[in-house]
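Coordinates from work.txt are shown below (compact mmCIF, C-alpha atoms).
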```
# COMPACT_ATOMS: atom_id res chain seq x y z
CA MET I 78 12.90 -5.83 25.90
CA GLU I 79 9.31 -7.11 25.85
CA ASP I 80 6.90 -6.14 23.07
CA SER I 81 3.15 -6.63 22.62
CA VAL I 82 3.66 -10.00 20.93
CA ASP I 83 5.60 -11.30 23.94
CA ARG I 84 2.62 -10.33 26.12
CA HIS I 85 0.22 -11.95 23.61
CA LEU I 86 2.20 -15.20 23.73
CA ALA I 87 2.27 -15.18 27.53
CA ARG I 88 -1.53 -14.77 27.68
CA TRP I 89 -2.10 -17.70 25.32
CA ARG I 90 0.63 -20.05 26.53
CA GLY I 91 -0.94 -23.42 27.34
CA LYS I 92 -4.41 -22.33 26.19
CA ALA I 93 -4.18 -22.91 22.45
CA PRO I 94 -2.26 -25.34 20.28
CA PHE I 95 0.34 -23.27 18.43
CA ASP I 96 4.05 -23.21 17.83
CA GLU I 97 5.26 -20.17 19.81
CA ARG I 98 7.99 -19.29 17.31
CA VAL I 99 5.57 -19.38 14.37
CA GLU I 100 2.95 -17.42 16.33
CA ALA I 101 5.57 -14.83 17.31
CA ILE I 102 6.77 -14.33 13.74
CA VAL I 103 3.31 -14.20 12.20
CA SER I 104 1.94 -11.91 14.92
CA ARG I 105 4.86 -9.50 14.58
CA MET I 106 4.35 -9.36 10.80
CA GLN I 107 0.63 -8.71 11.30
CA PHE I 108 1.26 -5.97 13.87
CA LEU I 109 3.82 -4.32 11.58
CA VAL I 110 1.34 -4.41 8.70
CA LYS I 111 -1.25 -2.74 10.97
CA HIS I 112 1.32 -0.11 11.94
CA LEU I 113 2.18 0.57 8.30
CA SER I 114 -1.50 0.78 7.40
CA HIS I 115 -2.02 3.32 10.17
CA THR I 116 1.02 5.25 8.92
CA LYS I 117 -0.55 5.40 5.47
CA GLU I 118 -3.84 6.66 6.93
CA VAL I 119 -2.03 9.40 8.86
CA ALA I 120 -0.04 10.46 5.79
CA LEU I 121 -3.19 10.63 3.69
CA SER I 122 -5.11 12.60 6.31
CA GLU I 123 -2.24 15.09 6.57
CA VAL I 124 -2.58 15.87 2.87
CA GLY I 125 -6.39 15.64 2.84
CA MET I 126 -6.59 12.55 0.67
CA GLN I 127 -8.64 9.37 1.01
CA ASP I 128 -7.24 5.89 0.46
CA PHE I 129 -9.14 5.29 -2.80
CA GLU I 130 -7.76 8.55 -4.20
CA PHE I 131 -4.21 7.64 -3.23
CA GLU I 132 -4.45 4.11 -4.65
CA THR I 133 -5.76 5.37 -7.99
CA LEU I 134 -3.10 8.07 -8.25
CA HIS I 135 -0.47 5.52 -7.19
CA ARG I 136 -1.46 3.20 -10.07
CA LEU I 137 -1.41 6.11 -12.50
CA VAL I 138 2.09 7.11 -11.42
CA ALA I 139 3.23 3.48 -11.78
CA ARG I 140 1.89 3.51 -15.35
CA GLY I 141 3.81 6.67 -16.24
CA GLY I 142 1.00 9.11 -15.44
CA ALA I 143 -1.62 7.83 -17.89
CA ALA I 144 -3.81 4.76 -18.37
CA THR I 145 -7.16 3.72 -19.70
CA PRO I 146 -10.04 3.36 -17.25
CA SER I 147 -10.11 -0.39 -17.93
CA GLU I 148 -6.39 -0.71 -17.12
CA LEU I 149 -6.92 1.13 -13.84
CA ALA I 150 -10.00 -0.95 -13.03
CA ALA I 151 -7.99 -4.14 -13.57
CA ASP I 152 -5.10 -2.82 -11.43
CA LEU I 153 -7.48 -1.87 -8.61
CA LEU I 154 -9.79 -4.89 -8.97
CA LEU I 155 -12.80 -2.66 -9.59
CA SER I 156 -15.82 -3.00 -11.84
CA PRO I 157 -16.05 -0.54 -14.76
CA ALA I 158 -18.91 1.25 -12.97
CA GLY I 159 -16.86 1.51 -9.78
CA MET I 160 -13.93 2.90 -11.74
CA THR I 161 -16.16 5.47 -13.45
CA GLY I 162 -17.41 6.77 -10.10
CA ARG I 163 -13.90 6.95 -8.72
CA LEU I 164 -12.62 8.84 -11.77
CA ASP I 165 -15.57 11.25 -11.57
CA THR I 166 -14.55 12.13 -8.01
CA LEU I 167 -10.87 12.51 -8.88
CA GLU I 168 -11.66 14.61 -11.93
CA ARG I 169 -13.89 16.96 -9.90
CA ALA I 170 -10.97 17.41 -7.48
CA GLU I 171 -8.71 18.15 -10.47
CA LEU I 172 -6.38 15.27 -9.58
CA VAL I 173 -6.89 13.53 -12.94
CA ARG I 174 -8.30 14.46 -16.32
CA ARG I 175 -9.92 12.36 -19.01
CA VAL I 176 -8.68 12.95 -22.55
CA ARG I 177 -9.75 11.43 -25.85
CA SER I 178 -7.07 9.42 -27.56
CA THR I 179 -5.62 11.12 -30.61
CA GLU I 180 -5.29 7.70 -32.29
CA ASP I 181 -8.79 6.36 -31.55
CA ARG I 182 -11.55 8.82 -30.64
CA ARG I 183 -13.54 6.01 -28.96
CA ARG I 184 -10.76 5.57 -26.43
CA VAL I 185 -10.48 7.71 -23.32
CA ASP I 186 -7.25 7.98 -21.37
CA VAL I 187 -6.91 9.11 -17.77
CA GLU I 188 -4.00 11.42 -17.05
CA LEU I 189 -2.55 12.51 -13.75
CA THR I 190 -2.67 16.30 -13.34
CA PRO I 191 0.19 18.26 -11.78
CA LYS I 192 -2.03 18.82 -8.73
CA GLY I 193 -2.66 15.06 -8.48
CA HIS I 194 1.04 14.28 -8.81
CA ASP I 195 2.00 16.88 -6.18
CA LEU I 196 -0.55 15.51 -3.70
CA TRP I 197 0.61 11.94 -4.32
CA MET I 198 4.25 13.00 -3.84
CA GLU I 199 3.40 14.75 -0.58
CA ALA I 200 1.69 11.62 0.80
CA MET I 201 4.56 9.39 -0.40
CA THR I 202 7.12 11.66 1.27
CA ILE I 203 5.34 11.47 4.63
CA ARG I 204 4.97 7.68 4.36
CA GLY I 205 8.59 7.29 3.35
CA GLU I 206 9.83 9.27 6.33
CA VAL I 207 7.83 7.14 8.78
CA GLU I 208 8.80 3.87 7.11
CA THR I 209 12.47 4.87 7.04
CA SER I 210 12.29 5.79 10.71
CA MET I 211 10.84 2.39 11.58
CA ILE I 212 13.39 0.44 9.52
CA SER I 213 16.26 2.52 10.93
CA ALA I 214 15.88 0.54 14.17
CA LEU I 215 18.01 -2.04 12.33
CA PRO I 216 21.55 -1.46 11.07
CA PRO I 217 21.95 -1.76 7.27
CA GLU I 218 23.31 -5.32 7.42
CA ASP I 219 20.27 -6.46 9.47
CA GLN I 220 17.97 -4.66 7.03
CA ALA I 221 19.51 -6.69 4.19
CA ILE I 222 19.04 -9.93 6.14
CA LEU I 223 15.43 -9.07 6.98
CA ASP I 224 14.74 -8.18 3.35
CA ASP I 225 16.12 -11.54 2.23
CA LEU I 226 14.16 -13.47 4.87
CA LEU I 227 10.90 -11.72 3.97
CA ARG I 228 11.55 -12.36 0.26
CA ARG I 229 11.96 -16.08 0.97
CA LEU I 230 8.73 -16.18 2.99
CA LEU I 231 6.84 -14.29 0.30
CA LEU I 232 8.15 -16.56 -2.45
CA LYS I 233 7.01 -19.59 -0.44
CA ALA I 234 3.56 -18.08 0.08
CA GLU I 235 3.25 -17.14 -3.60
CA THR I 236 4.26 -20.61 -4.84
CA ASP I 237 1.99 -22.43 -2.36
CA ARG I 238 -1.15 -20.72 -3.66
```
Can you turn what I pasted into structure tokens?
Amino acid sequence: MEDSVDRHLARWRGKAPFDERVEAIVSRMQFLVKHLSHTKEVALSEVGMQDFEFETLHRLVARGGAATPSELAADLLLSPAGMTGRLDTLERAELVRRVRSTEDRRRVDVELTPKGHDLWMEAMTIRGEVETSMISALPPEDQAILDDLLRRLLLKAETDR
């Protein structure tokens, strides 16, 4: 069965210097990343959330539901001012709350609210269903092989940096 990458390769055959196997693998990975990105956008729109909101809530969940603004800014590669604006928006939507530390009154922690957690869970559930559906095209043993192959490629990319 022919996919969009096969058609891409056919259009470029003989016109550009590339290894067809490498181009096929890289193009398929890129197209799958685009598909997954679109899936995330659809999931977020279904729950009425924007990407920046999801990413911030996602980092909070990963940190156990609470973090300092500077920890979140570092996780999200944001400036302190950018993080402040983002937290203002999330706090107005009642997805997070800022609380003074009981140990150090100068410190402010950001906590995920139940509403924020529920919204994050809803978006994660939709994403998970779509991702599972896509991966189910492969039997479990092929999924394990693909996982191992992708791990090896990622390790190579991470060590070549």
Task: Spatial neighbours of I:Phe131, 12 Å, only C-alpha atoms, chain gap at least 5 places, as a list in words - done: Lys117, Glu118, Ala120, Leu121, Ser122, Val124, Gly125, Met126, Arg136, Leu137, Val138, Leu153, Arg163, Leu167, Leu172, Val173, Leu189, Gly193, His194, Asp195, Leu196, Trp197, Met198, Glu199, Ala200, Met201 and Arg204 of chain I
Please put the answer as JSON: centre and edge lengths, in Å with one decimal, of a box along x, y and z that encloses all listed atoms of stretch 118-135 of chain I plus 6 Å on each side.
```
{"center_x": -4.6, "center_y": 10.0, "center_z": 0.3, "size_x": 21.1, "size_y": 23.8, "size_z": 29.1}
```
Task: Pairwise distance for atom CA of I:Lys92 and atom CA of I:Asp80, rounded to one decimal in Å - done: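 Between these atoms lies a distance of 20.0 Å.
Atom CA of I:Arg174 to atom CA of I:Ile203 spans 25.2 Å [interatomic distance, one decimal].
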- [ ] Have a look at atom CA of I:Ala158 and atom CA of I:Gly141 and let me know their distance in Å, one decimal.
- [x]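 Atom-to-atom, atom CA of I:Ala158 to atom CA of I:Gly141, that is 23.6 Å.
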Open item on the list: Restricting the calculation to all atoms listed in the file: of I:Glu123, I:Arg140, I:Asp224, I:Arg183, which residue gets closest to I:Thr202?
Closed with: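 Closest to I:Thr202 of all the choices is I:Glu123.
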Task: Shortest interatomic distance to I:Leu109 - which of I:Leu230, I:Ile212, I:Met78, I:Ala221, counting all atoms listed in the file - done: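 Nearest to I:Leu109: I:Ile212.
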Task: Selection near stretch 82-84 of chain I, 10 Å with all atoms listed in the file, sequence-local residues under 3 positions removed, as a list in words - done: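 Skipping anything fewer than 3 positions along the chain leaves Met78, Glu79, Ala87, Arg88, Trp89, Arg90, Glu97, Glu100, Ala101, Ile102, Val103, Ser104, Arg105 and Phe108 of chain I.
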Open item on the list: Around (-13.3, 7.9, -4.8), as given in the file, which residues come within 6 Å? Count all atoms listed in the file and list them as a ChimeraX atom specification.
Closed with: /I:129-130,163,166
Can I get the selection written as a short mmCIF file (atom, residue, chain, number, x, y, z; two decimals), in the frame of the given file, with C-alpha atoms?
```cif
data_model
loop_
_atom_site.label_atom_id
_atom_site.label_comp_id
_atom_site.auth_asym_id
_atom_site.auth_seq_id
_atom_site.Cartn_x
_atom_site.Cartn_y
_atom_site.Cartn_z
CA PHE I 129 -9.14 5.29 -2.80
CA GLU I 130 -7.76 8.55 -4.20
CA ARG I 163 -13.90 6.95 -8.72
CA THR I 166 -14.55 12.13 -8.01
#
```
TODO: Taking the point (-6.2, 7.1, -26.6) as given in the file, collect each protein or nucleic acid residue that comes within 12 Å of it, counting only C-alpha atoms, and present the set as a list in words.
DONE: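 I get Ala143, Ala144, Thr145, Pro146, Arg175, Val176, Arg177, Ser178, Thr179, Glu180, Asp181, Arg182, Arg183, Arg184, Val185, Asp186, Val187 and Glu188 of chain I for the residues within 12 Å of that point.
By chain and then residue number, the residues within 12 Å of I:Met211 are Leu109, His112, Leu113, Thr116, Arg204, Gly205, Glu206, Val207, Glu208, Thr209, Ser213, Ala214, Leu215, Pro216 and Gln220 of chain I, counting all atoms listed in the file and disregarding those fewer than 2 positions away in sequence.
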With N, CA and C atoms as the goal, would you fill in the gaps in stretch 193-205 of chain I and present it as a compact mmCIF listing (two decimals), in the frame of the given file?
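The resulting file, rebuild_38.txt, is reproduced below:
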```
# COMPACT_ATOMS: atom_id res chain seq x y z
N GLY I 193 -2.57 16.44 -8.94
CA GLY I 193 -2.66 15.06 -8.48
C GLY I 193 -1.29 14.49 -8.18
N HIS I 194 -0.32 14.78 -9.03
CA HIS I 194 1.04 14.28 -8.81
C HIS I 194 1.64 14.90 -7.55
N ASP I 195 1.45 16.21 -7.36
CA ASP I 195 2.00 16.88 -6.18
C ASP I 195 1.41 16.30 -4.89
N LEU I 196 0.11 16.06 -4.89
CA LEU I 196 -0.55 15.51 -3.70
C LEU I 196 -0.05 14.09 -3.42
N TRP I 197 0.08 13.29 -4.47
CA TRP I 197 0.61 11.94 -4.32
C TRP I 197 2.03 11.98 -3.77
N MET I 198 2.86 12.87 -4.30
CA MET I 198 4.25 13.00 -3.84
C MET I 198 4.31 13.40 -2.36
N GLU I 199 3.43 14.30 -1.97
CA GLU I 199 3.40 14.75 -0.58
C GLU I 199 3.07 13.57 0.36
N ALA I 200 2.05 12.78 -0.02
CA ALA I 200 1.69 11.62 0.80
C ALA I 200 2.82 10.59 0.81
N MET I 201 3.45 10.36 -0.32
CA MET I 201 4.56 9.39 -0.40
C MET I 201 5.74 9.84 0.45
N THR I 202 6.01 11.13 0.48
CA THR I 202 7.12 11.66 1.27
C THR I 202 6.88 11.41 2.76
N ILE I 203 5.67 11.69 3.22
CA ILE I 203 5.34 11.47 4.63
C ILE I 203 5.45 9.99 4.97
N ARG I 204 4.88 9.14 4.12
CA ARG I 204 4.97 7.68 4.36
C ARG I 204 6.42 7.22 4.39
N GLY I 205 7.19 7.70 3.43
CA GLY I 205 8.59 7.29 3.35
C GLY I 205 9.38 7.65 4.59
```
